[in-house]
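**Student:** Got a structure for you, written out below as structure tokens; questions coming shortly.
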Amino acid sequence: MGILSFPGCRSQDDDDNTPPKITFVYPPEYDILEDIETIRVDARDNDGLTHILYIAEGETLLVTAVPPYTLLWNTSAYPDCTTADSYIPLTAVAEDYSGNQGSDVRKFYLNNRGLPPLPAEMDEPSEVTKHSARLSWEKSIDYQFSHYILYRDTSKAVSALSDSLVRYGHPDSTSFVDHGAGVTLWGLDEDTDYYYRVWVYDDVGRGDGSDSAALVHTLLPAPVPLSSSGETKYTARLQWSSNGEDISHFRLHRAMGDSTAIDTAAVPDSLTGLPGTTFAYTDTGLISNTNYYYYIHVIDSAGYTHAYRFNDIIAVRTDSIPSGQLHDPPQQVTKYSASLRWNAIPVQEDSSWVELYRGTGTAVDTSISVYRAANGVSETYNDITLQQGQTYSYQLLHRDSRDNRAWSDTLTLTTFAITDLQDAGLGVQVQEKRELTLGWTAYNYPYEDDFAGYILTRDGVTIFTPSEASENSFTDDELDRSTSYDYVLTLSDTSGASRSFNATGTTRDIYPADIVAIATTEAWEFYLEWQSSTEPAGEFAGYRLLRSDDPDEIFDDSNGDNQADCLAAGNCDQVASVTQQNPTAPDSVHLYTDGDTNLIRLRAYYYVVLTYDNAGEYAAGAIMGDTLLTNPDPVVLSIPDSSITETTINLIWTQASWGSAEADAAGFHSYEVWRNTQDGETPGDENSSYQLHRVLPGDITNTTYPDGISESNRGVSFYYSIVVRDNFGQTSPSNEMEAATPP
């Protein structure tokens, strides 16, 4: 007999050549063994053991790596050996991690004759049905095996006196299907407990039964899945299928109401019984829009039914009468009507009709029915009894022969009013001196007979009352020029509703001519240029050129005589009267030279052109003035040494003068303080010239200025001068002064 080798998880130690020590330690030597005996060895090794093997008659009985390396040995599989020359050798082999093996052999004497065979234990039953079950058990290895006998009972106390089912004379025959012969016409009884034990007998008639009985509980009929389809308002269609068994009939149960009405511990009320070959049923006479709950029982040919399962109940809800859906038709709403439409409502098994209700505001009044007809006759309704500018609400009721009802959604709409339809856009289209042409959008309501009229008023007085909606303009004449007027247009319809529109219009003034240039000549004259008036040629009468030395008192016409007041008061002079409207000069301006020898050189003069129309009225153009003075007299600049500090150079100059306080006020504009880095440069003409400061216009008495000098410019010489500027742009520079701060 060779020794088996099993490599362990550790690497072999090439230096370990010492085999393990193994010795049988139980049972004591020379014991005679019976039935199943416990065998144990003691095994040791300096490097550790991988496993222990037990071998008998060339058969490996056990391989174990778990101390204490115990073998449960069934000795009944061997012949009895009770003499010195009749024994069974048992070998125990130990192997270490280096592959070294050690073994021990002991002779064992067996004595099973006179003892019953070891029992064969029952397996878990299989293939259990309503009327049969398959029983299996362990194979017997008894050396003197003769046969098996399988017994059945309806209690756990199965004995050799119970029903004998089968006798097998071969140890490999370890399975039997019990079809319940003799129990019922169909086999085993359904929903019943049966207990089984198997006895093993030897060749001298000794036997023993399995320690425990196998329990078989036969089945009940299998339930079938229940489903529904094609519900209507008053019917439910139930379907199911065969479970492949011997079905005698079905029993259908029904309950109604909410799911809470179905008791989980009770089956719904019985509805009907049906043959086992029927697999559909239509439940009629139901209530629409109601929950129903169904359950189906299967009854087989033995009269058994399956166990009730609450989860097999199915819920079916009958159809409700469908509701219509109102659509919003804003494009079909007018002042006095609204076209309603709804979706097509399916026709059901009983006749039905629709009814349309209307209410004022956002609530529907179910006492006001505006339309009623059979469903499908129409899907639109034109409500023509409305008032303009009013909110209405509608709801559609669908009703069937059993008075089942379904309401649509609520549709709220507001009819148009004259204020919604008409935006007159009243305004002035043409503006003239003595007339205004007004226009507006013609009344645009689609029904012509709805127009009642326009009333156009000016400043509260009615001036136009057309009778046709197409008349949408009016020219208001005999007005005053350059005057504002308020207009109101009132539109009315035949219902008495109206809408007003406001507009303000202003007549234009005479288009004046404006002086665009004035210059002095060497002959002490003023040369003037003005743009021509754009007044229409048929209305233009001429120009008058006025001159004054007081712009605040001239050119007013307070008494309305179309003459400037300054002429009568002697405050202005008319220097020219021109009837030519369009000048002939290439630059399109009218030229006039005022050469009055009485003009005073020290005074400013102001000019204006009055443009007259053929009604004898005028409009004044822009006022422009100038003076005949030459450059103003220069001032004298001084910089006393006492006015110079380390950081400041103080400038002082004389006050400018035109000979009198009045002339000073009229002539003086400002002082300009200039600083140059080069001697003799003209202020403002050179790159080195820099304007430090400008005394405000009219501040003629302000004649000093402190020039602050930076640290880097200490000791640097600068050249200063003061420029006097008059009100007409003439300038004169002062003397030039050099100054520097101490270094």
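In the structure tokens, each chain is lettered A, B, ... as it comes, each chain's residues begin at 1, and ligands are numbered from 1 in order of appearance.
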Skipping near chain neighbours, those fewer than 5 positions away, what residues fall within 8 Å of Tyr295 in chain A using only C-alpha atoms, listed as a PyMOL selection string?

**Tutor:** chain A and resi 226+252-254+267-268+312-314

**Student:** Residues of the last selection are to be written out with C-alpha atoms, as an mmCIF file, in the first residue's frame.

**Tutor:**
data_model
loop_
_atom_site.group_PDB
_atom_site.id
_atom_site.type_symbol
_atom_site.label_atom_id
_atom_site.label_comp_id
_atom_site.auth_asym_id
_atom_site.auth_seq_id
_atom_site.Cartn_x
_atom_site.Cartn_y
_atom_site.Cartn_z
ATOM 1 C CA LEU A 226 -57.114 36.658 -12.041
ATOM 2 C CA LEU A 252 -65.872 33.819 -8.228
ATOM 3 C CA HIS A 253 -66.196 36.244 -5.309
ATOM 4 C CA ARG A 254 -66.843 40.010 -5.335
ATOM 5 C CA VAL A 267 -63.025 36.209 1.314
ATOM 6 C CA PRO A 268 -65.354 38.644 -0.535
ATOM 7 C CA ASP A 312 -54.713 37.538 -4.963
ATOM 8 C CA ILE A 313 -57.654 39.959 -4.751
ATOM 9 C CA ILE A 314 -57.721 42.280 -7.769
#

**Student:** Given the choices A:Asp96, A:Glu127, A:Cys81, A:Glu355, which gets closest to Asn111 in chain A if the distance is worked out from only C-alpha atoms?

**Tutor:** A:Cys81

**Student:** Leaving out Ser212 in chain A and any residue of its chain fewer than 3 positions from it, which residues lie within 10 Å of it when counting only C-alpha atoms, given as a count of residues only?

**Tutor:** 13

**Student:** A:Ser162, A:Gln388, A:Asn382, A:Leu491: which is nearest Leu426 in chain A, counting only C-alpha atoms?

**Tutor:**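 Ranking A:Ser162, A:Gln388, A:Asn382, A:Leu491 by distance to Leu426 in chain A, first place goes to A:Leu491.
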
**Student:** One decimal, in Å: what's the spacing between CA of Thr645 in chain A and CA of Thr741 in chain A?

**Tutor:**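 A separation of 6.2 Å between them.
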
**Student:** Name the residues of range 518-692 of chain A that come out as alpha helix (DSSP H) in a backbone DSSP run; write them as number ranges by chain.

**Tutor:** A: 565-569, 661-667

**Student:** Go ahead and write the residues just picked, N, CA and C atoms, as a PDB file, in the first residue's frame.

**Tutor:**
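The result, written out as part-v2.pdb:
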ATOM      1  N   ASP A 565     -42.929 147.087 -29.202  1.00  0.00           N
ATOM      2  CA  ASP A 565     -43.172 148.176 -28.254  1.00  0.00           C
ATOM      3  C   ASP A 565     -41.995 149.144 -28.195  1.00  0.00           C
ATOM      4  N   CYS A 566     -40.799 148.664 -28.439  1.00  0.00           N
ATOM      5  CA  CYS A 566     -39.620 149.514 -28.294  1.00  0.00           C
ATOM      6  C   CYS A 566     -39.593 150.654 -29.317  1.00  0.00           C
ATOM      7  N   LEU A 567     -40.296 150.447 -30.450  1.00  0.00           N
ATOM      8  CA  LEU A 567     -40.330 151.524 -31.448  1.00  0.00           C
ATOM      9  C   LEU A 567     -41.115 152.720 -30.922  1.00  0.00           C
ATOM     10  N   ALA A 568     -42.298 152.449 -30.337  1.00  0.00           N
ATOM     11  CA  ALA A 568     -43.112 153.545 -29.802  1.00  0.00           C
ATOM     12  C   ALA A 568     -42.455 154.182 -28.590  1.00  0.00           C
ATOM     13  N   ALA A 569     -41.724 153.362 -27.805  1.00  0.00           N
ATOM     14  CA  ALA A 569     -41.086 153.886 -26.597  1.00  0.00           C
ATOM     15  C   ALA A 569     -39.765 154.573 -26.909  1.00  0.00           C
ATOM     16  N   ALA A 661     -18.392 153.516 -15.146  1.00  0.00           N
ATOM     17  CA  ALA A 661     -18.856 152.268 -14.539  1.00  0.00           C
ATOM     18  C   ALA A 661     -19.781 151.504 -15.487  1.00  0.00           C
ATOM     19  N   GLU A 662     -20.676 152.259 -16.221  1.00  0.00           N
ATOM     20  CA  GLU A 662     -21.588 151.615 -17.164  1.00  0.00           C
ATOM     21  C   GLU A 662     -20.826 150.953 -18.295  1.00  0.00           C
ATOM     22  N   ALA A 663     -19.830 151.707 -18.813  1.00  0.00           N
ATOM     23  CA  ALA A 663     -19.029 151.147 -19.906  1.00  0.00           C
ATOM     24  C   ALA A 663     -18.183 149.981 -19.432  1.00  0.00           C
ATOM     25  N   ASP A 664     -17.647 150.092 -18.194  1.00  0.00           N
ATOM     26  CA  ASP A 664     -16.858 148.969 -17.651  1.00  0.00           C
ATOM     27  C   ASP A 664     -17.703 147.695 -17.586  1.00  0.00           C
ATOM     28  N   ALA A 665     -18.935 147.846 -17.078  1.00  0.00           N
ATOM     29  CA  ALA A 665     -19.804 146.669 -16.936  1.00  0.00           C
ATOM     30  C   ALA A 665     -20.165 146.084 -18.292  1.00  0.00           C
ATOM     31  N   ALA A 666     -20.353 146.975 -19.297  1.00  0.00           N
ATOM     32  CA  ALA A 666     -20.738 146.485 -20.623  1.00  0.00           C
ATOM     33  C   ALA A 666     -19.562 145.889 -21.371  1.00  0.00           C
ATOM     34  N   GLY A 667     -18.336 146.384 -21.098  1.00  0.00           N
ATOM     35  CA  GLY A 667     -17.205 145.946 -21.898  1.00  0.00           C
ATOM     36  C   GLY A 667     -16.413 144.807 -21.308  1.00  0.00           C
TER      37      GLY A 667
END

**Student:** Enumerate, as a VMD selection string, the complete set of residues in range 92-337 of chain A that a backbone-based DSSP assignment places in strand (DSSP E or B).

**Tutor:** chain A and resid 92 to 96 101 to 110 122 126 133 to 137 145 to 153 163 to 168 175 to 178 184 187 193 to 202 207 to 209 214 to 217 227 to 229 236 to 239 247 to 256 269 to 275 280 to 283 291 to 300 305 314 to 317 326 to 327 333

**Student:** Keeping only C-alpha atoms, write the selected residues as a JSON list (two decimals), in the first residue's frame.

**Tutor:**
[["chain", "number", "residue", "atom", "x", "y", "z"],
["A", 92, "ALA", "CA", -3.11, 6.37, 10.03],
["A", 93, "VAL", "CA", -0.68, 8.55, 8.05],
["A", 94, "ALA", "CA", 0.61, 12.02, 9.13],
["A", 95, "GLU", "CA", 2.41, 14.41, 6.76],
["A", 96, "ASP", "CA", 4.36, 17.59, 7.67],
["A", 101, "GLN", "CA", 5.33, 11.18, 6.29],
["A", 102, "GLY", "CA", 4.95, 9.03, 9.35],
["A", 103, "SER", "CA", 2.37, 6.24, 9.85],
["A", 104, "ASP", "CA", 0.98, 3.79, 12.35],
["A", 105, "VAL", "CA", -1.04, 0.57, 11.77],
["A", 106, "ARG", "CA", -3.38, -1.13, 14.23],
["A", 107, "LYS", "CA", -5.31, -4.37, 13.93],
["A", 108, "PHE", "CA", -9.00, -4.04, 14.83],
["A", 109, "TYR", "CA", -11.38, -6.90, 15.60],
["A", 110, "LEU", "CA", -15.04, -6.51, 14.58],
["A", 122, "MET", "CA", -34.70, 9.68, 5.58],
["A", 126, "SER", "CA", -39.48, 15.92, -2.86],
["A", 133, "ALA", "CA", -44.67, 12.51, -2.91],
["A", 134, "ARG", "CA", -41.22, 11.12, -3.54],
["A", 135, "LEU", "CA", -39.39, 9.62, -0.52],
["A", 136, "SER", "CA", -35.60, 9.07, -0.40],
["A", 137, "TRP", "CA", -33.18, 7.73, 2.21],
["A", 145, "PHE", "CA", -27.79, -6.15, 4.05],
["A", 146, "SER", "CA", -30.96, -7.94, 2.94],
["A", 147, "HIS", "CA", -33.68, -5.37, 2.08],
["A", 148, "TYR", "CA", -35.52, -2.09, 2.85],
["A", 149, "ILE", "CA", -39.16, -1.68, 3.84],
["A", 150, "LEU", "CA", -40.79, 1.82, 3.68],
["A", 151, "TYR", "CA", -43.63, 2.46, 6.13],
["A", 152, "ARG", "CA", -46.23, 5.28, 6.17],
["A", 153, "ASP", "CA", -48.50, 6.58, 8.88],
["A", 163, "ASP", "CA", -48.72, 0.77, 6.25],
["A", 164, "SER", "CA", -45.99, -1.02, 4.32],
["A", 165, "LEU", "CA", -45.42, 0.71, 0.98],
["A", 166, "VAL", "CA", -42.52, -1.04, -0.75],
["A", 167, "ARG", "CA", -39.77, -3.63, -0.22],
["A", 168, "TYR", "CA", -36.42, -3.17, -2.00],
["A", 175, "SER", "CA", -36.21, 6.20, -3.58],
["A", 176, "PHE", "CA", -39.97, 5.63, -3.87],
["A", 177, "VAL", "CA", -42.92, 7.72, -5.12],
["A", 178, "ASP", "CA", -45.98, 7.27, -2.94],
["A", 184, "THR", "CA", -58.43, 7.83, -2.00],
["A", 187, "GLY", "CA", -54.07, 8.95, -4.26],
["A", 193, "ASP", "CA", -49.72, 15.23, 6.90],
["A", 194, "TYR", "CA", -48.08, 11.86, 6.18],
["A", 195, "TYR", "CA", -45.05, 10.43, 8.03],
["A", 196, "TYR", "CA", -42.51, 7.95, 6.63],
["A", 197, "ARG", "CA", -39.69, 5.74, 8.07],
["A", 198, "VAL", "CA", -37.52, 3.19, 6.30],
["A", 199, "TRP", "CA", -36.32, -0.08, 7.92],
["A", 200, "VAL", "CA", -33.02, -1.80, 6.97],
["A", 201, "TYR", "CA", -33.00, -5.61, 7.40],
["A", 202, "ASP", "CA", -30.04, -8.04, 7.30],
["A", 207, "GLY", "CA", -33.77, -4.72, 11.19],
["A", 208, "ASP", "CA", -33.93, -1.15, 12.48],
["A", 209, "GLY", "CA", -35.86, 1.92, 11.34],
["A", 214, "ALA", "CA", -39.98, 12.29, 7.12],
["A", 215, "LEU", "CA", -43.01, 14.56, 6.99],
["A", 216, "VAL", "CA", -45.00, 15.11, 3.78],
["A", 217, "HIS", "CA", -47.83, 17.64, 3.67],
["A", 227, "SER", "CA", -57.11, 39.72, -14.30],
["A", 228, "SER", "CA", -59.58, 42.15, -15.84],
["A", 229, "SER", "CA", -59.91, 44.15, -19.05],
["A", 236, "ALA", "CA", -66.26, 44.19, -15.67],
["A", 237, "ARG", "CA", -64.61, 41.50, -17.76],
["A", 238, "LEU", "CA", -62.67, 38.91, -15.64],
["A", 239, "GLN", "CA", -60.20, 36.39, -17.12],
["A", 247, "ILE", "CA", -60.36, 21.39, -12.00],
["A", 248, "SER", "CA", -63.99, 20.66, -11.18],
["A", 249, "HIS", "CA", -65.22, 24.28, -11.12],
["A", 250, "PHE", "CA", -64.38, 27.85, -10.19],
["A", 251, "ARG", "CA", -66.07, 30.05, -7.63],
["A", 252, "LEU", "CA", -65.87, 33.82, -8.23],
["A", 253, "HIS", "CA", -66.20, 36.24, -5.31],
["A", 254, "ARG", "CA", -66.84, 40.01, -5.34],
["A", 255, "ALA", "CA", -66.90, 42.95, -2.94],
["A", 256, "MET", "CA", -67.34, 46.67, -3.59],
["A", 269, "ASP", "CA", -68.93, 37.50, -1.05],
["A", 270, "SER", "CA", -69.52, 34.65, -3.47],
["A", 271, "LEU", "CA", -70.68, 35.91, -6.86],
["A", 272, "THR", "CA", -71.06, 32.81, -9.05],
["A", 273, "GLY", "CA", -69.80, 29.30, -9.75],
["A", 274, "LEU", "CA", -68.36, 28.42, -13.14],
["A", 275, "PRO", "CA", -67.37, 25.11, -14.83],
["A", 280, "ALA", "CA", -63.79, 34.26, -18.41],
["A", 281, "TYR", "CA", -66.80, 35.97, -16.90],
["A", 282, "THR", "CA", -68.47, 39.35, -17.51],
["A", 283, "ASP", "CA", -69.92, 40.87, -14.37],
["A", 291, "ASN", "CA", -64.33, 50.13, -7.01],
["A", 292, "TYR", "CA", -65.00, 46.37, -7.10],
["A", 293, "TYR", "CA", -62.75, 43.64, -5.70],
["A", 294, "TYR", "CA", -62.67, 40.10, -7.13],
["A", 295, "TYR", "CA", -61.24, 36.78, -5.97],
["A", 296, "ILE", "CA", -61.45, 33.36, -7.67],
["A", 297, "HIS", "CA", -61.31, 29.94, -5.99],
["A", 298, "VAL", "CA", -60.22, 26.76, -7.81],
["A", 299, "ILE", "CA", -62.11, 23.58, -6.72],
["A", 300, "ASP", "CA", -60.62, 20.31, -7.95],
["A", 305, "THR", "CA", -59.82, 24.39, -3.01],
["A", 314, "ILE", "CA", -57.72, 42.28, -7.77],
["A", 315, "ALA", "CA", -59.28, 45.73, -7.85],
["A", 316, "VAL", "CA", -61.44, 46.81, -10.77],
["A", 317, "ARG", "CA", -62.93, 50.27, -11.16],
["A", 326, "LEU", "CA", -63.91, 73.31, -22.65],
["A", 327, "HIS", "CA", -61.37, 75.12, -24.80],
["A", 333, "VAL", "CA", -65.04, 86.48, -28.23]]

**Student:** So that I can check the surroundings of range 671-684 of chain A, please list as a short mmCIF file (atom, residue, chain, number, x, y, z; two decimals) with N, CA and C atoms, in the first residue's frame every protein, DNA and RNA residue that reaches within 8 Å of it, counting only C-alpha atoms and ignoring chain neighbours fewer than 6 positions away.

**Tutor:**
data_model
loop_
_atom_site.label_atom_id
_atom_site.label_comp_id
_atom_site.auth_asym_id
_atom_site.auth_seq_id
_atom_site.Cartn_x
_atom_site.Cartn_y
_atom_site.Cartn_z
N TYR A 690 1.75 129.44 -20.87
CA TYR A 690 0.84 128.63 -20.07
C TYR A 690 -0.10 129.54 -19.30
N GLN A 691 -1.41 129.33 -19.46
CA GLN A 691 -2.40 130.13 -18.74
C GLN A 691 -2.57 129.56 -17.34
N LEU A 692 -2.21 130.39 -16.32
CA LEU A 692 -2.31 129.95 -14.93
C LEU A 692 -3.71 130.06 -14.38
N HIS A 693 -4.42 131.13 -14.75
CA HIS A 693 -5.66 131.42 -14.05
C HIS A 693 -6.50 132.34 -14.92
N ARG A 694 -7.86 132.27 -14.69
CA ARG A 694 -8.76 133.20 -15.37
C ARG A 694 -9.72 133.75 -14.34
N VAL A 695 -9.73 135.08 -14.20
CA VAL A 695 -10.67 135.73 -13.30
C VAL A 695 -12.05 135.64 -13.93
N LEU A 696 -13.04 135.31 -13.16
CA LEU A 696 -14.37 135.05 -13.68
C LEU A 696 -14.91 136.26 -14.43
N PRO A 697 -15.75 136.02 -15.48
CA PRO A 697 -16.35 137.14 -16.21
C PRO A 697 -17.15 138.06 -15.29
N ILE A 700 -14.42 142.48 -12.39
CA ILE A 700 -13.41 143.44 -12.85
C ILE A 700 -12.51 143.94 -11.74
N TYR A 705 -3.18 137.80 -8.06
CA TYR A 705 -3.14 136.34 -8.18
C TYR A 705 -1.83 135.82 -7.60
N SER A 717 13.48 131.67 -13.29
CA SER A 717 12.83 132.90 -13.73
C SER A 717 11.64 132.57 -14.62
N PHE A 718 10.50 133.27 -14.36
CA PHE A 718 9.30 133.16 -15.19
C PHE A 718 8.91 134.56 -15.65
N TYR A 719 8.17 134.59 -16.81
CA TYR A 719 7.74 135.85 -17.40
C TYR A 719 6.21 135.87 -17.38
N TYR A 720 5.65 136.92 -16.74
CA TYR A 720 4.21 136.98 -16.53
C TYR A 720 3.62 138.13 -17.33
N SER A 721 2.32 137.95 -17.72
CA SER A 721 1.55 139.04 -18.33
C SER A 721 0.08 138.77 -18.05
N ILE A 722 -0.77 139.83 -18.13
CA ILE A 722 -2.20 139.74 -17.89
C ILE A 722 -2.90 140.15 -19.18
N VAL A 723 -3.83 139.33 -19.64
CA VAL A 723 -4.60 139.62 -20.85
C VAL A 723 -6.00 140.03 -20.42
N VAL A 724 -6.47 141.20 -20.90
CA VAL A 724 -7.83 141.65 -20.65
C VAL A 724 -8.70 141.23 -21.84
N ARG A 725 -9.89 140.65 -21.54
CA ARG A 725 -10.81 140.21 -22.60
C ARG A 725 -12.14 140.93 -22.38
N PRO A 733 -2.89 142.39 -24.17
CA PRO A 733 -1.98 141.90 -23.13
C PRO A 733 -1.36 143.08 -22.38
N GLU A 736 5.06 142.82 -19.68
CA GLU A 736 5.63 141.56 -19.23
C GLU A 736 6.53 141.82 -18.04
#

**Student:** Can you list, as a list of chain:residue names, every protein, DNA or RNA residue that comes within 7 Å of Gln655 in chain A when you count only C-alpha atoms, leaving out same-chain residues fewer than 5 positions away?

**Tutor:**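 The residues satisfying every condition are A:Val635, A:Ile700, A:Thr701, A:Thr703.
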